[in-house]
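Shown here: start_34.txt, compact mmCIF, C-alpha atoms.
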```txt
# COMPACT_ATOMS: atom_id res chain seq x y z
CA PHE M 783 -11.48 12.66 -12.39
CA PHE M 784 -12.69 10.25 -15.08
CA LEU M 785 -11.48 6.84 -16.22
CA GLY M 786 -8.93 6.99 -13.40
CA ALA M 787 -7.37 10.23 -14.68
CA LEU M 788 -6.93 13.76 -13.36
CA VAL M 789 -8.19 16.29 -15.92
CA SER M 790 -6.75 19.80 -15.75
CA VAL M 791 -7.67 22.76 -17.97
CA ALA M 792 -5.56 25.93 -18.08
CA LYS M 793 -7.45 29.17 -18.71
CA PRO M 794 -7.46 31.21 -20.87
CA MET M 795 -5.33 29.08 -23.24
CA GLN M 796 -7.76 26.13 -22.91
CA PHE M 797 -4.85 23.68 -22.70
CA ILE M 798 -5.83 20.25 -21.35
CA VAL M 799 -3.57 17.99 -19.29
CA VAL M 800 -4.62 14.47 -18.32
CA THR M 801 -2.69 12.41 -15.77
CA PRO M 802 -3.69 8.77 -15.16
CA VAL M 803 -4.04 8.26 -11.40
CA ASN M 804 -6.08 6.37 -8.82
CA PRO M 805 -8.51 9.05 -7.57
CA LYS M 806 -9.00 7.26 -4.24
CA GLN M 807 -5.37 7.40 -3.13
CA ALA M 808 -4.14 10.69 -1.70
CA GLY M 809 -0.45 10.11 -2.42
CA PRO M 810 -0.75 9.47 -6.17
CA VAL M 811 -3.30 12.29 -6.50
CA LYS M 812 -0.92 14.75 -4.82
CA ARG M 813 1.90 13.69 -7.13
CA ALA M 814 -0.39 14.02 -10.16
CA VAL M 815 -1.42 17.55 -9.14
CA LEU M 816 2.18 18.63 -8.50
CA GLN M 817 3.25 17.04 -11.79
CA THR M 818 0.61 19.06 -13.63
CA ILE M 819 1.64 22.27 -11.85
CA ASN M 820 5.31 21.68 -12.73
CA LYS M 821 4.35 21.06 -16.36
CA PHE M 822 3.01 24.60 -16.58
CA LYS M 823 5.78 26.15 -14.48
CA SER M 824 8.39 24.60 -16.78
CA ARG M 825 6.90 26.69 -19.59
CA GLY M 826 7.05 29.87 -17.53
CA ILE M 827 3.30 29.89 -16.96
CA ASP M 828 2.20 31.39 -13.64
CA ILE M 829 -0.76 29.81 -11.86
CA ASN M 830 -2.82 32.28 -9.86
CA ALA M 831 -5.71 30.06 -8.83
CA ILE M 832 -6.79 26.43 -8.93
CA LYS M 833 -10.33 25.10 -8.86
CA PHE M 834 -10.93 21.52 -7.75
CA ASP M 835 -13.85 19.16 -7.44
CA ARG M 836 -14.36 18.33 -3.78
CA GLU M 837 -12.65 14.94 -3.92
CA PRO M 838 -11.53 13.26 -0.66
CA ALA M 839 -8.02 12.70 -2.04
CA ILE M 840 -7.69 16.42 -2.85
CA ASN M 841 -8.93 17.44 0.59
CA ALA M 842 -6.39 15.12 2.19
CA THR M 843 -3.47 16.76 0.38
CA ARG M 844 -4.72 20.33 0.10
CA GLU M 845 -2.26 21.78 2.62
CA GLU M 846 0.71 20.20 0.85
CA ILE M 847 -0.50 21.51 -2.51
CA GLU M 848 -0.91 25.00 -1.04
CA ARG M 849 2.65 24.91 0.32
CA ALA M 850 3.99 23.88 -3.09
CA LEU M 851 2.03 26.54 -4.92
CA PRO M 852 1.22 29.93 -3.38
CA ALA M 853 -2.05 30.30 -5.27
CA GLU M 854 -5.71 30.56 -4.38
CA ILE M 855 -7.39 27.16 -4.14
CA ASN M 856 -11.15 26.92 -4.58
CA MET M 857 -13.21 23.80 -3.98
CA THR M 858 -16.66 23.08 -5.41
CA ALA M 859 -19.63 22.18 -3.24
CA ALA M 860 -19.79 18.64 -1.87
CA THR M 861 -21.89 17.31 -4.76
CA GLY M 862 -20.78 19.80 -7.39
CA ALA M 863 -18.29 19.60 -10.22
CA GLU M 864 -15.95 22.17 -11.71
CA PRO M 865 -17.86 23.01 -14.94
CA ILE M 866 -14.91 23.72 -17.26
CA ALA M 867 -13.03 20.55 -16.33
CA GLU M 868 -16.28 18.56 -16.40
CA ARG M 869 -17.11 19.76 -19.92
CA ASN M 870 -13.65 18.96 -21.23
CA ALA M 871 -13.64 15.57 -19.50
CA ARG M 872 -16.89 14.67 -21.22
CA SER M 873 -15.48 15.75 -24.57
CA ILE M 874 -12.42 13.54 -24.06
CA THR M 875 -14.69 10.72 -22.90
CA ASN M 876 -16.68 10.93 -26.12
CA THR M 877 -13.47 10.85 -28.16
CA VAL M 878 -12.24 7.79 -26.26
CA ARG M 879 -15.55 6.00 -26.75
CA SER M 880 -15.64 6.71 -30.50
CA ILE M 881 -12.05 5.51 -30.98
CA MET M 882 -12.72 2.31 -29.04
CA ALA M 883 -15.86 1.63 -31.07
CA ASP M 884 -13.88 1.94 -34.31
CA LEU M 885 -10.97 -0.31 -33.35
CA PRO M 886 -10.94 -3.93 -34.57
CA PHE M 887 -9.53 -5.17 -31.25
CA ASN M 888 -10.21 -4.82 -27.53
CA VAL M 889 -8.18 -2.13 -25.79
CA ARG M 890 -5.74 -3.36 -23.18
CA ARG M 891 -6.29 -1.86 -19.76
CA MET M 892 -2.69 -0.67 -19.66
CA LEU M 893 -3.38 1.36 -22.83
CA ILE M 894 -6.39 3.27 -21.54
CA GLY M 895 -4.11 5.94 -20.10
CA GLU M 896 -2.36 6.29 -23.49
CA LEU M 897 -5.73 6.53 -25.25
CA ILE M 898 -6.87 9.28 -22.87
CA LYS M 899 -3.64 11.20 -23.51
CA TYR M 900 -4.12 10.75 -27.25
CA ALA M 901 -7.65 12.16 -27.02
CA ALA M 902 -6.42 15.13 -24.98
CA ARG M 903 -3.63 15.76 -27.51
CA ARG M 904 -6.19 15.82 -30.31
CA ALA M 905 -8.29 18.34 -28.37
CA ASN M 906 -5.24 20.55 -27.83
CA THR M 907 -4.49 20.66 -31.56
CA LEU M 908 -7.98 21.98 -32.37
CA GLY M 909 -9.07 25.59 -32.14
CA THR M 910 -11.89 26.63 -29.82
CA SER M 911 -14.41 29.45 -29.84
CA CYS M 912 -12.53 30.97 -26.87
CA LEU M 913 -9.36 31.52 -28.92
CA PRO M 914 -8.57 33.61 -32.02
CA ARG M 915 -9.14 31.88 -35.34
CA GLY M 916 -6.28 29.57 -36.29
CA VAL M 917 -4.77 29.51 -32.79
CA THR M 918 -4.73 26.23 -30.85
CA PRO M 919 -4.15 25.49 -27.15
CA LEU M 920 -1.07 23.44 -28.04
CA GLU M 921 0.44 26.43 -29.86
CA LEU M 922 -0.16 28.71 -26.87
CA PHE M 923 1.38 26.18 -24.49
CA THR M 924 4.49 25.32 -26.53
CA GLY M 925 4.92 28.62 -28.38
CA GLN M 926 5.10 26.73 -31.69
CA LYS M 927 2.53 25.73 -34.27
CA ALA M 928 1.71 22.04 -34.25
CA ASP M 929 3.25 20.01 -37.07
CA MET M 930 0.22 18.20 -38.47
CA ASN M 931 2.50 15.93 -40.48
CA VAL M 932 3.49 14.50 -37.08
CA GLU M 933 0.26 14.97 -35.13
CA LEU M 934 -1.92 13.32 -37.77
CA ARG M 935 0.65 10.92 -39.15
CA PHE M 936 -1.10 7.98 -37.49
CA GLY M 937 -4.19 7.32 -35.46
CA PHE M 938 -4.43 5.50 -32.14
CA GLY M 939 -4.46 1.75 -32.85
CA ASP M 940 -2.85 1.89 -36.30
CA TYR M 941 -0.68 -1.14 -37.03
CA GLY M 942 2.70 -1.18 -38.73
CA GLN M 943 6.40 -1.85 -38.46
CA ALA M 944 8.53 0.34 -36.19
CA HIS M 945 12.16 0.68 -37.26
CA PHE M 946 14.97 0.11 -34.79
CA ALA M 947 17.23 3.08 -34.12
CA LYS M 948 20.37 1.12 -35.05
CA VAL M 949 20.59 -1.30 -37.97
CA SER M 950 23.41 -3.26 -39.58
CA ASN M 951 24.09 -5.08 -42.82
CA THR M 952 23.55 -8.44 -41.15
CA MET M 953 20.33 -10.48 -41.11
CA THR M 954 19.40 -8.97 -37.74
CA GLN M 955 15.76 -7.89 -37.45
CA ARG M 956 15.34 -4.23 -38.45
CA THR M 957 11.66 -3.66 -37.65
CA THR M 958 9.06 -5.00 -35.25
CA GLY M 959 5.28 -5.04 -35.27
CA CYS M 960 3.74 -2.25 -33.22
CA ILE M 961 0.49 -0.43 -32.51
CA ALA M 962 0.59 3.38 -32.71
CA LEU M 963 -0.48 5.15 -29.50
CA ARG M 964 0.22 8.91 -29.49
CA PRO M 965 2.72 11.64 -30.40
CA VAL M 966 5.44 12.26 -27.83
CA GLY M 967 5.63 15.98 -28.58
CA ASN M 968 9.39 16.24 -29.01
CA VAL M 969 11.23 18.04 -31.81
CA GLU M 970 12.09 14.74 -33.52
CA GLY M 971 8.43 13.94 -34.10
CA SER M 972 8.52 10.63 -32.21
CA TRP M 973 5.49 8.54 -31.33
CA LYS M 974 4.69 6.09 -28.55
CA PHE M 975 4.00 2.52 -29.71
CA LEU M 976 2.98 -0.78 -28.18
CA ASN M 977 5.62 -3.35 -29.15
CA LEU M 978 3.64 -6.53 -29.89
CA GLU M 979 6.70 -8.70 -29.37
CA THR M 980 7.66 -7.48 -25.91
CA GLU M 981 4.20 -6.14 -24.94
CA LYS M 982 5.87 -2.96 -23.70
CA ILE M 983 5.44 0.68 -24.67
CA THR M 984 8.32 2.09 -26.68
CA THR M 985 9.24 5.33 -28.47
CA ARG M 986 10.18 5.37 -32.15
CA GLN M 987 10.73 7.99 -34.84
CA ARG M 988 10.26 5.78 -37.91
CA PHE M 989 7.12 3.72 -38.40
CA SER M 990 5.64 2.25 -41.56
CA ALA M 991 1.86 1.89 -41.35
CA GLN M 992 0.40 -1.30 -42.80
CA PRO M 993 -3.00 -3.02 -42.95
CA MET M 994 -3.68 -4.94 -39.75
CA PRO M 995 -3.71 -8.71 -40.37
CA SER M 996 -6.24 -10.91 -38.58
CA ASP M 997 -3.55 -12.77 -36.59
CA VAL M 998 -2.48 -9.45 -34.99
CA ILE M 999 -6.09 -8.74 -34.00
CA ASP M 1000 -6.40 -12.24 -32.52
CA ARG M 1001 -3.14 -11.84 -30.62
CA ILE M 1002 -4.19 -8.55 -29.03
CA ASN M 1003 -7.63 -9.91 -28.14
CA LYS M 1004 -6.05 -12.91 -26.39
CA MET M 1005 -4.28 -10.61 -23.95
CA THR M 1006 -7.31 -11.01 -21.67
CA ARG M 1007 -5.56 -10.23 -18.40
CA TYR M 1008 -4.81 -6.74 -19.63
CA THR M 1009 -7.88 -6.14 -21.74
CA MET M 1010 -10.93 -3.96 -21.34
CA PRO M 1011 -13.80 -5.47 -23.37
CA LEU M 1012 -15.12 -3.36 -26.23
CA VAL M 1013 -18.65 -2.78 -24.96
CA GLU M 1014 -21.12 0.05 -24.68
CA TYR M 1015 -20.03 1.84 -21.52
CA ASP M 1016 -20.13 5.14 -19.76
CA ALA M 1017 -16.52 6.22 -19.18
CA GLN M 1018 -17.46 7.49 -15.74
CA GLN M 1019 -18.92 4.15 -14.70
CA VAL M 1020 -16.31 1.56 -15.59
CA GLY M 1021 -14.19 -0.04 -12.92
CA SER M 1022 -11.43 -2.62 -12.94
CA GLY M 1023 -11.98 -5.34 -15.50
CA GLY M 1024 -14.69 -3.39 -17.30
CA LYS M 1025 -17.23 -3.95 -14.52
CA VAL M 1026 -19.92 -1.27 -14.51
CA ILE M 1027 -20.30 0.51 -11.18
CA PRO M 1028 -22.76 3.17 -10.02
CA ALA M 1029 -22.01 6.79 -10.91
CA GLY M 1030 -20.20 8.61 -8.15
CA ARG M 1031 -18.07 5.57 -7.27
CA VAL M 1032 -15.52 5.86 -10.07
CA LYS M 1033 -12.52 3.58 -9.69
CA ALA M 1034 -9.18 3.57 -11.49
CA ILE M 1035 -8.76 1.14 -14.33
```

Structure encoded using structure tokens:
Amino acid sequence: FFLGALVSVAKPMQFIVVTPVNPKQAGPVKRAVLQTINKFKSRGIDINAIKFDREPAINATREEIERALPAEINMTAATGAEPIAERNARSITNTVRSIMADLPFNVRRMLIGELIKYAARRANTLGTSCLPRGVTPLELFTGQKADMNVELRFGFGDYGQAHFAKVSNTMTQRTTGCIALRPVGNVEGSWKFLNLETEKITTRQRFSAQPMPSDVIDRINKMTRYTMPLVEYDAQQVGSGGKVIPAGRVKAI
């Protein structure tokens, strides 16, 4: 777990799945684990073994997970960490930190999960030394090469106008200001966006990137109730409201 998310890595394809969840609550953790398992099963991928950190929430739901998946479950020592997941989590953490440092606005707390998913998506579109040259984890998982015209069309936090699906010849509004979040991964090439008018996350296919005006930056920064301050932080040590907490007591954001 890191930043209130469950990090899963499938070997040998090196595919990363992140699921935002409160690591202290057994129920949500169980659902997150089963959701991750079903994500692989839906692609016809068999899971022979699972390795977990020895988290209390995992221990509390281990029997239910074993019933749902007839696979070998291994737990690390009490103070240990699963090295592959730990290494990938740190890589995603570094990506999240670098993106936050480059944004002109503070990141809303509700968007941290989207930012983590964006970082994981970027990692899955890159090749690794464990795979043949030119092959990516995303390609192995989906069976199709990633369309970089979609994957790299925008970056997290880009501003622009998202087009409504239906338009008319009247004076009705045809676009709305949005912040780009991440690719959806569907065949249409849609992206997730934060609608600045409704303050809700929406999915759109058409989006025209534009320079971000200062009033948009000010508007996002004034959303204090939902904002994580842009500060130097260790992703493993940030709790609710951006409060730094000791390592080993990670809380969901």

task: Go through M:Val917, M:Ile999, M:Ala902, M:Ile840 and flag the residue nearest M:Asn804, using only C-alpha atoms for the distances.
output: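 Looking only at the distances to M:Asn804, the closest residue turns out to be M:Ile840.
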
Could the residues of stretch 898-954 of chain M that have an atom at most 9 Å from stretch 796-800 of chain M be listed as JSON lines, each with its closest atom pair and the distance in Å to one decimal, counting all atoms listed in the file and ordered by chain and ascending residue number?
```
{"residue": "M:Ile898", "atom": "CA", "partner": "M:Val800", "partner_atom": "CA", "distance": 7.3}
{"residue": "M:Lys899", "atom": "CA", "partner": "M:Val800", "partner_atom": "CA", "distance": 6.2}
{"residue": "M:Ala902", "atom": "CA", "partner": "M:Ile798", "partner_atom": "CA", "distance": 6.3}
{"residue": "M:Arg903", "atom": "CA", "partner": "M:Ile798", "partner_atom": "CA", "distance": 7.9}
{"residue": "M:Ala905", "atom": "CA", "partner": "M:Ile798", "partner_atom": "CA", "distance": 7.7}
{"residue": "M:Asn906", "atom": "CA", "partner": "M:Phe797", "partner_atom": "CA", "distance": 6.0}
{"residue": "M:Thr910", "atom": "CA", "partner": "M:Gln796", "partner_atom": "CA", "distance": 8.1}
{"residue": "M:Cys912", "atom": "CA", "partner": "M:Gln796", "partner_atom": "CA", "distance": 7.9}
{"residue": "M:Leu913", "atom": "CA", "partner": "M:Gln796", "partner_atom": "CA", "distance": 8.2}
{"residue": "M:Thr918", "atom": "CA", "partner": "M:Gln796", "partner_atom": "CA", "distance": 8.5}
{"residue": "M:Pro919", "atom": "CA", "partner": "M:Phe797", "partner_atom": "CA", "distance": 4.9}
{"residue": "M:Leu920", "atom": "CA", "partner": "M:Phe797", "partner_atom": "CA", "distance": 6.5}
{"residue": "M:Leu922", "atom": "CA", "partner": "M:Phe797", "partner_atom": "CA", "distance": 8.0}
{"residue": "M:Phe923", "atom": "CA", "partner": "M:Phe797", "partner_atom": "CA", "distance": 6.9}
```

Print the selection's residues with C-alpha atoms to a file, as an mmCIF file, keeping the file's coordinate frame.
```
data_model
loop_
_atom_site.group_PDB
_atom_site.id
_atom_site.type_symbol
_atom_site.label_atom_id
_atom_site.label_comp_id
_atom_site.auth_asym_id
_atom_site.auth_seq_id
_atom_site.Cartn_x
_atom_site.Cartn_y
_atom_site.Cartn_z
ATOM 1 C CA ILE M 898 -6.870 9.280 -22.870
ATOM 2 C CA LYS M 899 -3.640 11.200 -23.510
ATOM 3 C CA ALA M 902 -6.420 15.130 -24.980
ATOM 4 C CA ARG M 903 -3.630 15.760 -27.510
ATOM 5 C CA ALA M 905 -8.290 18.340 -28.370
ATOM 6 C CA ASN M 906 -5.240 20.550 -27.830
ATOM 7 C CA THR M 910 -11.890 26.630 -29.820
ATOM 8 C CA CYS M 912 -12.530 30.970 -26.870
ATOM 9 C CA LEU M 913 -9.360 31.520 -28.920
ATOM 10 C CA THR M 918 -4.730 26.230 -30.850
ATOM 11 C CA PRO M 919 -4.150 25.490 -27.150
ATOM 12 C CA LEU M 920 -1.070 23.440 -28.040
ATOM 13 C CA LEU M 922 -0.160 28.710 -26.870
ATOM 14 C CA PHE M 923 1.380 26.180 -24.490
#
```

* Would you kindly identify which residues have an atom no farther than 8 Å from (4.7, 30.3, -23.8), using all atoms listed in the file and the file's own coordinates, and write them out as a list in words? =>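 Protein, DNA and RNA residues close to (4.7, 30.3, -23.8): Arg825, Gly826, Ile827, Leu922, Phe923, Thr924 and Gly925 of chain M.
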
Straight-line distance linking atom CA of M:Val811 with atom CA of M:Glu864, stated in Å to one decimal
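Rounded to one decimal, the two atoms are 16.9 Å apart.
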
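Minimum atom-to-atom distance to M:Asn820, evaluated using all atoms listed in the file, belongs to M:Ala850 out of M:Ala850, M:Glu837, M:Arg844, M:Gly959.
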
Just checking: using all atoms listed in the file, which residue out of M:Glu868, M:Glu979, M:Asp835, M:Glu845 ends up closest to M:Gln943?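 The shortest atom-to-atom distance to M:Gln943 comes from M:Glu979.
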
note - atom CA of M:Ile829 and atom CA of M:Ala871 are separated by 20.7 Å
